[in-house]
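Undergrad: Before I ask anything, here is the structure I am working with.
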Amino acid sequence: MSQTNRIELPPRALETLFGVHDANIKYLESILAVRVNARGQDLTVDGAPEDVATVKAILADFAVLFNDGNSFTDKELRSAFKQISEDRAYSLKDYFTKARFNPSGKKQVAPKSVNQRKYIEAIHDNDLVFGIGPAGTGKSFLAVALAVHALFQKQVSRIILTRPAVEAGERLGFLPGDLQDKVDPYLRPLYDALFDLVDTERVTKLLEKRIIEIAPLAFMRGRTLADAFIILDEAQNTTSEQMKMFLTRIGFGSKAVVTGDKTQIDLPRGQRSGLVQVQSILKDLDGIEFVYFDETDVVRHKLVQMIVKAYENKTEKRPEE
């Protein structure tokens, strides 16, 4: 059964909504199986009642947001459309007023998938969150963005970023330089995320003052990390003992995020990953949430999504090869 509805939007709003070469509306039509036609300032929407109702809600929210002076990019609109198509309880207003945030004034950050949104919400609502899934799904970047946001909103007084320094084919001792020079390559992805989100000069000052600290996991032993946003990255390379050590460092007023990819464990053969084990140990505790990502959440080059899926299929069919 098809249903038609008529909506009116001002000309400038229509131009923004439709996007370059009508790409935004064509994308919305493709994911919701509707037909949107414009005649002057009037829009008509044809399709199944449920899809038409979803598009009407999107357009109503868009009109309100546009009139309130909100800005939109084509990329953001299409990302919002996709998430709404996957979760009809979600709204355009939620995306642009709740999910989107600017950690430091340099770069706007917004979830690009339903799981990314759930991850952001989980970090807001819980003191300990595990983000588990393949590379390129935004686990580390979003955690760092939320840490920066919490610091600049004065919700915490410092950020602690840590990773286990586990070699994937090379040994620390073979690398030139002092201890810091040896561990920096392992921590470089965390530096990259910071410099992407915050001006270089500002990051440098925060690092010098130890308001932001980036260190190997071994440096966390014996410490109590209070009033901090703590991120343990690449947690699949922790041993069970290291994972327990890290989790028991969390002090009052702190929030911790643990990220990892169970398919990229570099621990010696026979040694169990702390990330794998912790799921069964902590799964039923209040205040702790696990968020799982898959290849559909990959936000790098589209080939990465295909590569992740291909490896998953190979592992499922021939685990011995």
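By convention here, the chains of the structure tokens are called A, B, ... in the order presented, each chain's residues are numbered starting at 1, and ligands are numbered starting at 1 in the order presented.
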Quick one: residues within 10 Å of A:Asp61, only C-alpha atoms, excluding same-chain residues fewer than 3 positions away - as JSON, numbers by chain?
TA: {"A": [55, 56, 57, 58, 64, 65, 66, 67, 91, 92, 93, 94, 96]}
Undergrad: Using N, CA and C atoms, can you write the selected residues to a file as a CSV table (one decimal), in the first residue's frame?
TA:
chain,number,residue,atom,x,y,z
A,55,VAL,N,10.2,9.5,6.6
A,55,VAL,CA,10.7,10.7,5.8
A,55,VAL,C,10.0,12.0,6.3
A,56,LYS,N,8.7,11.9,6.6
A,56,LYS,CA,8.0,13.1,7.1
A,56,LYS,C,8.7,13.6,8.4
A,57,ALA,N,9.0,12.6,9.3
A,57,ALA,CA,9.7,13.0,10.5
A,57,ALA,C,11.0,13.6,10.3
A,58,ILE,N,11.8,13.1,9.3
A,58,ILE,CA,13.1,13.6,8.9
A,58,ILE,C,12.9,15.1,8.4
A,64,VAL,N,12.8,22.4,11.3
A,64,VAL,CA,13.1,23.1,12.6
A,64,VAL,C,14.5,23.4,12.8
A,65,LEU,N,15.4,22.4,12.5
A,65,LEU,CA,16.8,22.6,12.7
A,65,LEU,C,17.4,23.7,11.7
A,66,PHE,N,16.9,23.7,10.5
A,66,PHE,CA,17.3,24.8,9.5
A,66,PHE,C,16.9,26.1,10.0
A,67,ASN,N,15.7,26.3,10.5
A,67,ASN,CA,15.1,27.6,10.9
A,67,ASN,C,15.9,28.0,12.2
A,91,SER,N,16.2,10.0,15.5
A,91,SER,CA,15.7,11.2,14.7
A,91,SER,C,16.8,12.1,14.2
A,92,LEU,N,16.5,12.9,13.2
A,92,LEU,CA,17.5,13.8,12.7
A,92,LEU,C,17.8,14.8,13.8
A,93,LYS,N,16.9,15.2,14.6
A,93,LYS,CA,17.1,16.2,15.7
A,93,LYS,C,18.1,15.6,16.7
A,94,ASP,N,18.0,14.3,17.0
A,94,ASP,CA,18.9,13.7,17.9
A,94,ASP,C,20.3,13.7,17.3
A,96,PHE,N,21.7,15.8,15.2
A,96,PHE,CA,22.4,17.1,15.1
A,96,PHE,C,22.4,17.9,16.4
Undergrad: Would you please give, as a PyMOL selection string, all residues of stretch 114-254 of chain A that DSSP assigns to helix (DSSP H, G or I) based on the backbone?
TA: chain A and resi 114-125+139-152+172-174+179-197+200-208+217-220+235-237+240-247
Undergrad: Could you state the separation of atom CA of A:Ile120 and atom CA of A:Ala143 in Å, given to one decimal place?
TA: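 Rounded to one decimal, the two atoms are 8.0 Å apart.
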Undergrad: Measure the distance from atom CA of A:Tyr191 to atom CA of A:Leu217 in Å and round it to one decimal.
TA: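 Interatomic distance here is 15.4 Å.
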Undergrad: Do you have, as a tab-separated table, the list of residues of stretch 213-304 of chain A lying at most 6 Å from stretch 149-168 of chain A, each with its nearest atom pair and that distance in Å to one decimal, counting only C-alpha atoms and ordered by chain then number?
TA:
residue	atom	partner	partner_atom	distance
A:Glu213	CA	A:Ile160	CA	4.9
A:Ile214	CA	A:Leu161	CA	4.7
A:Ala215	CA	A:Thr162	CA	5.1
A:Pro216	CA	A:Arg163	CA	5.2
A:Leu217	CA	A:Pro164	CA	4.9
A:Asp227	CA	A:Val156	CA	5.2
A:Ala228	CA	A:Arg158	CA	5.0
A:Phe229	CA	A:Ile159	CA	4.9
A:Ile230	CA	A:Ile160	CA	4.7
A:Ile231	CA	A:Leu161	CA	4.9
A:Leu232	CA	A:Thr162	CA	5.0
A:Asp233	CA	A:Arg163	CA	5.0
A:Asp266	CA	A:Ala168	CA	5.8
Undergrad: Produce a file of the selected residues containing C-alpha atoms, as a short mmCIF file (atom, residue, chain, number, x, y, z; two decimals), in the first residue's frame.
TA:
data_model
loop_
_atom_site.label_atom_id
_atom_site.label_comp_id
_atom_site.auth_asym_id
_atom_site.auth_seq_id
_atom_site.Cartn_x
_atom_site.Cartn_y
_atom_site.Cartn_z
CA GLU A 213 49.58 11.62 29.41
CA ILE A 214 50.42 9.01 26.79
CA ALA A 215 52.33 6.03 28.13
CA PRO A 216 52.80 2.26 27.76
CA LEU A 217 50.52 0.10 29.90
CA ASP A 227 39.43 12.36 38.16
CA ALA A 228 40.66 11.18 34.76
CA PHE A 229 39.41 9.94 31.40
CA ILE A 230 41.45 6.80 30.79
CA ILE A 231 41.71 4.94 27.49
CA LEU A 232 43.34 1.54 27.08
CA ASP A 233 43.87 1.02 23.35
CA ASP A 266 50.03 -10.27 18.86
#
Undergrad: Quick one: of A:Ala80, A:Gly105, A:Ile132, A:Pro11, who's nearest to A:Arg202, counting only C-alpha atoms?
TA: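 Comparing A:Ala80, A:Gly105, A:Ile132, A:Pro11 against A:Arg202, the winner is A:Gly105.
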Undergrad: Quick one: residues within 12 Å of A:Ile281, only C-alpha atoms counted, chain neighbours fewer than 5 positions away excluded, as an MDAnalysis selection string?
TA: chainID A and resid 240 243:244 274:276 288 290
Undergrad: Which is closer to A:Val36 than all the others in A:Ile7, A:Val20, A:Val291, A:Met306, using only C-alpha atoms?
TA: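 Among the listed residues, A:Ile7 lies closest to A:Val36.
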Undergrad: Of the candidates A:Ser273, A:Gln264, A:Thr204, A:Thr259, which shows the shortest atom-to-atom distance to A:Gly131, using only C-alpha atoms?
TA: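 When distances to A:Gly131 are compared using only C-alpha atoms, the smallest one comes from A:Thr259.
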Undergrad: Would you pick out the contacts of A:Asp297 at 10 Å or less, using only C-alpha atoms, so that residues sharing its chain but fewer than 3 positions from it are not included, and give the list as a list in words?
TA: Pro111, Lys112, Ser113, Val114, Asn115, Gln116, Gly133, Pro134, Ala135, Gly136, Thr137, Gly138, Lys139, Tyr292, Phe293, Asp294, Arg300 and Gln305 of chain A
Undergrad: Those residues with N, CA and C atoms, as an mmCIF file, in the first residue's frame please?
TA:
data_model
loop_
_atom_site.group_PDB
_atom_site.id
_atom_site.type_symbol
_atom_site.label_atom_id
_atom_site.label_comp_id
_atom_site.auth_asym_id
_atom_site.auth_seq_id
_atom_site.Cartn_x
_atom_site.Cartn_y
_atom_site.Cartn_z
ATOM 1 N N PRO A 111 28.738 10.433 15.085
ATOM 2 C CA PRO A 111 28.754 8.996 14.776
ATOM 3 C C PRO A 111 28.383 8.758 13.321
ATOM 4 N N LYS A 112 29.044 7.780 12.709
ATOM 5 C CA LYS A 112 28.786 7.463 11.305
ATOM 6 C C LYS A 112 28.037 6.148 11.151
ATOM 7 N N SER A 113 27.672 5.538 12.251
ATOM 8 C CA SER A 113 26.898 4.289 12.202
ATOM 9 C C SER A 113 26.107 4.157 13.495
ATOM 10 N N VAL A 114 25.152 3.236 13.497
ATOM 11 C CA VAL A 114 24.346 2.999 14.703
ATOM 12 C C VAL A 114 25.231 2.543 15.853
ATOM 13 N N ASN A 115 26.192 1.645 15.572
ATOM 14 C CA ASN A 115 27.058 1.160 16.647
ATOM 15 C C ASN A 115 27.959 2.255 17.196
ATOM 16 N N GLN A 116 28.408 3.167 16.334
ATOM 17 C CA GLN A 116 29.192 4.299 16.832
ATOM 18 C C GLN A 116 28.343 5.162 17.766
ATOM 19 N N GLY A 133 35.985 -4.579 18.183
ATOM 20 C CA GLY A 133 35.662 -4.755 16.771
ATOM 21 C C GLY A 133 36.861 -4.484 15.899
ATOM 22 N N PRO A 134 36.702 -4.613 14.570
ATOM 23 C CA PRO A 134 37.829 -4.500 13.645
ATOM 24 C C PRO A 134 38.400 -3.096 13.546
ATOM 25 N N ALA A 135 39.569 -3.019 12.927
ATOM 26 C CA ALA A 135 40.230 -1.730 12.712
ATOM 27 C C ALA A 135 39.376 -0.851 11.817
ATOM 28 N N GLY A 136 39.478 0.465 12.047
ATOM 29 C CA GLY A 136 38.786 1.406 11.183
ATOM 30 C C GLY A 136 37.350 1.696 11.545
ATOM 31 N N THR A 137 36.890 1.193 12.692
ATOM 32 C CA THR A 137 35.496 1.408 13.081
ATOM 33 C C THR A 137 35.315 2.619 13.998
ATOM 34 N N GLY A 138 36.395 3.343 14.271
ATOM 35 C CA GLY A 138 36.296 4.577 15.053
ATOM 36 C C GLY A 138 36.368 4.386 16.558
ATOM 37 N N LYS A 139 36.703 3.189 17.007
ATOM 38 C CA LYS A 139 36.724 2.911 18.462
ATOM 39 C C LYS A 139 37.663 3.860 19.204
ATOM 40 N N TYR A 292 29.900 -3.740 20.503
ATOM 41 C CA TYR A 292 30.585 -4.521 19.471
ATOM 42 C C TYR A 292 30.390 -3.890 18.092
ATOM 43 N N PHE A 293 31.503 -3.768 17.368
ATOM 44 C CA PHE A 293 31.496 -3.224 16.017
ATOM 45 C C PHE A 293 31.729 -4.355 15.011
ATOM 46 N N ASP A 294 31.301 -4.121 13.763
ATOM 47 C CA ASP A 294 31.594 -5.093 12.710
ATOM 48 C C ASP A 294 32.016 -4.354 11.450
ATOM 49 N N ARG A 300 36.951 3.807 7.130
ATOM 50 C CA ARG A 300 38.095 4.086 6.268
ATOM 51 C C ARG A 300 37.685 3.834 4.821
ATOM 52 N N GLN A 305 36.516 -2.163 4.449
ATOM 53 C CA GLN A 305 35.300 -2.882 4.841
ATOM 54 C C GLN A 305 35.236 -4.240 4.143
#
Undergrad: Could you name the residues that touch A:Arg249 at 8 Å or less, counting only C-alpha atoms, but leaving out those on the same chain fewer than 6 positions away, as a ChimeraX atom specification?
TA: /A:220-225
Undergrad: Would you put the residues from that selection into a file with N, CA and C atoms, as a short mmCIF file (atom, residue, chain, number, x, y, z; two decimals), in the first residue's frame?
TA:
data_model
loop_
_atom_site.label_atom_id
_atom_site.label_comp_id
_atom_site.auth_asym_id
_atom_site.auth_seq_id
_atom_site.Cartn_x
_atom_site.Cartn_y
_atom_site.Cartn_z
N MET A 220 51.47 2.05 34.10
CA MET A 220 50.29 2.27 34.92
C MET A 220 50.34 1.49 36.24
N ARG A 221 51.23 0.52 36.34
CA ARG A 221 51.27 -0.34 37.52
C ARG A 221 51.54 0.47 38.79
N GLY A 222 50.74 0.19 39.83
CA GLY A 222 50.95 0.84 41.12
C GLY A 222 50.29 2.19 41.26
N ARG A 223 49.66 2.70 40.21
CA ARG A 223 49.05 4.03 40.26
C ARG A 223 47.55 3.93 40.51
N THR A 224 46.98 5.02 41.05
CA THR A 224 45.52 5.16 41.14
C THR A 224 45.15 6.37 40.29
N LEU A 225 44.32 6.16 39.28
CA LEU A 225 44.02 7.20 38.32
C LEU A 225 42.65 7.80 38.62
#
Undergrad: So the first atom is atom CA of A:Glu8 and the second is atom CA of A:Gln41; what is the distance between them in Å, to one decimal place?
TA: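 For atom CA of A:Glu8 relative to atom CA of A:Gln41, the distance reads 5.5 Å.
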Undergrad: Return the single residue from A:Val129, A:Gly47, A:Val34, A:Ala89 that is closest to A:Lys283, with distances computed using only C-alpha atoms.
TA: A:Val129
Undergrad: Of the candidates A:Asp261, A:Asp74, A:Asp46, A:Glu201, which shows the shortest atom-to-atom distance to A:Gly19, using only C-alpha atoms?
TA: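 Ranking A:Asp261, A:Asp74, A:Asp46, A:Glu201 by distance to A:Gly19, first place goes to A:Asp74.
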Undergrad: Using only C-alpha atoms, determine which residues lie at most 9 Å from A:Ile123, disregarding the query and same-chain residues fewer than 4 positions distant; provide the list as a short mmCIF file (atom, residue, chain, number, x, y, z; two decimals) with N, CA and C atoms, in the first residue's frame.
TA:
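Result went into result.cif, see below:
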data_model
loop_
_atom_site.label_atom_id
_atom_site.label_comp_id
_atom_site.auth_asym_id
_atom_site.auth_seq_id
_atom_site.Cartn_x
_atom_site.Cartn_y
_atom_site.Cartn_z
N LYS A 118 25.75 4.13 19.57
CA LYS A 118 25.58 3.38 20.81
C LYS A 118 26.83 3.46 21.68
N TYR A 119 27.97 3.46 21.04
CA TYR A 119 29.26 3.56 21.74
C TYR A 119 29.38 4.91 22.46
N ASP A 127 30.74 4.27 33.52
CA ASP A 127 32.11 4.60 33.92
C ASP A 127 33.15 3.71 33.27
N LEU A 128 32.72 2.55 32.74
CA LEU A 128 33.64 1.64 32.06
C LEU A 128 32.97 1.06 30.84
N VAL A 129 33.58 1.27 29.67
CA VAL A 129 33.01 0.79 28.41
C VAL A 129 34.09 0.07 27.62
N ALA A 143 36.76 7.54 21.26
CA ALA A 143 37.11 7.56 22.68
C ALA A 143 37.99 8.76 23.00
N LEU A 146 35.89 11.97 22.88
CA LEU A 146 35.08 12.14 24.09
C LEU A 146 35.94 12.49 25.30
N LYS A 255 36.56 7.88 34.33
CA LYS A 255 35.83 7.13 33.32
C LYS A 255 36.88 6.41 32.49
N ALA A 256 36.63 5.14 32.17
CA ALA A 256 37.60 4.36 31.41
C ALA A 256 36.96 3.74 30.17
N VAL A 257 37.71 3.74 29.08
CA VAL A 257 37.28 3.10 27.84
C VAL A 257 38.39 2.14 27.40
N GLU A 289 29.62 -1.54 30.17
CA GLU A 289 28.92 -1.89 28.93
C GLU A 289 29.92 -2.31 27.86
#
Undergrad: Here is a test: counting only C-alpha atoms, which residue of A:Val52, A:Leu142, A:Val278, A:Ala226 is nearest to A:Phe252?
TA: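 Checking each of A:Val52, A:Leu142, A:Val278, A:Ala226 against A:Phe252, counting only C-alpha atoms, the winner is A:Ala226.
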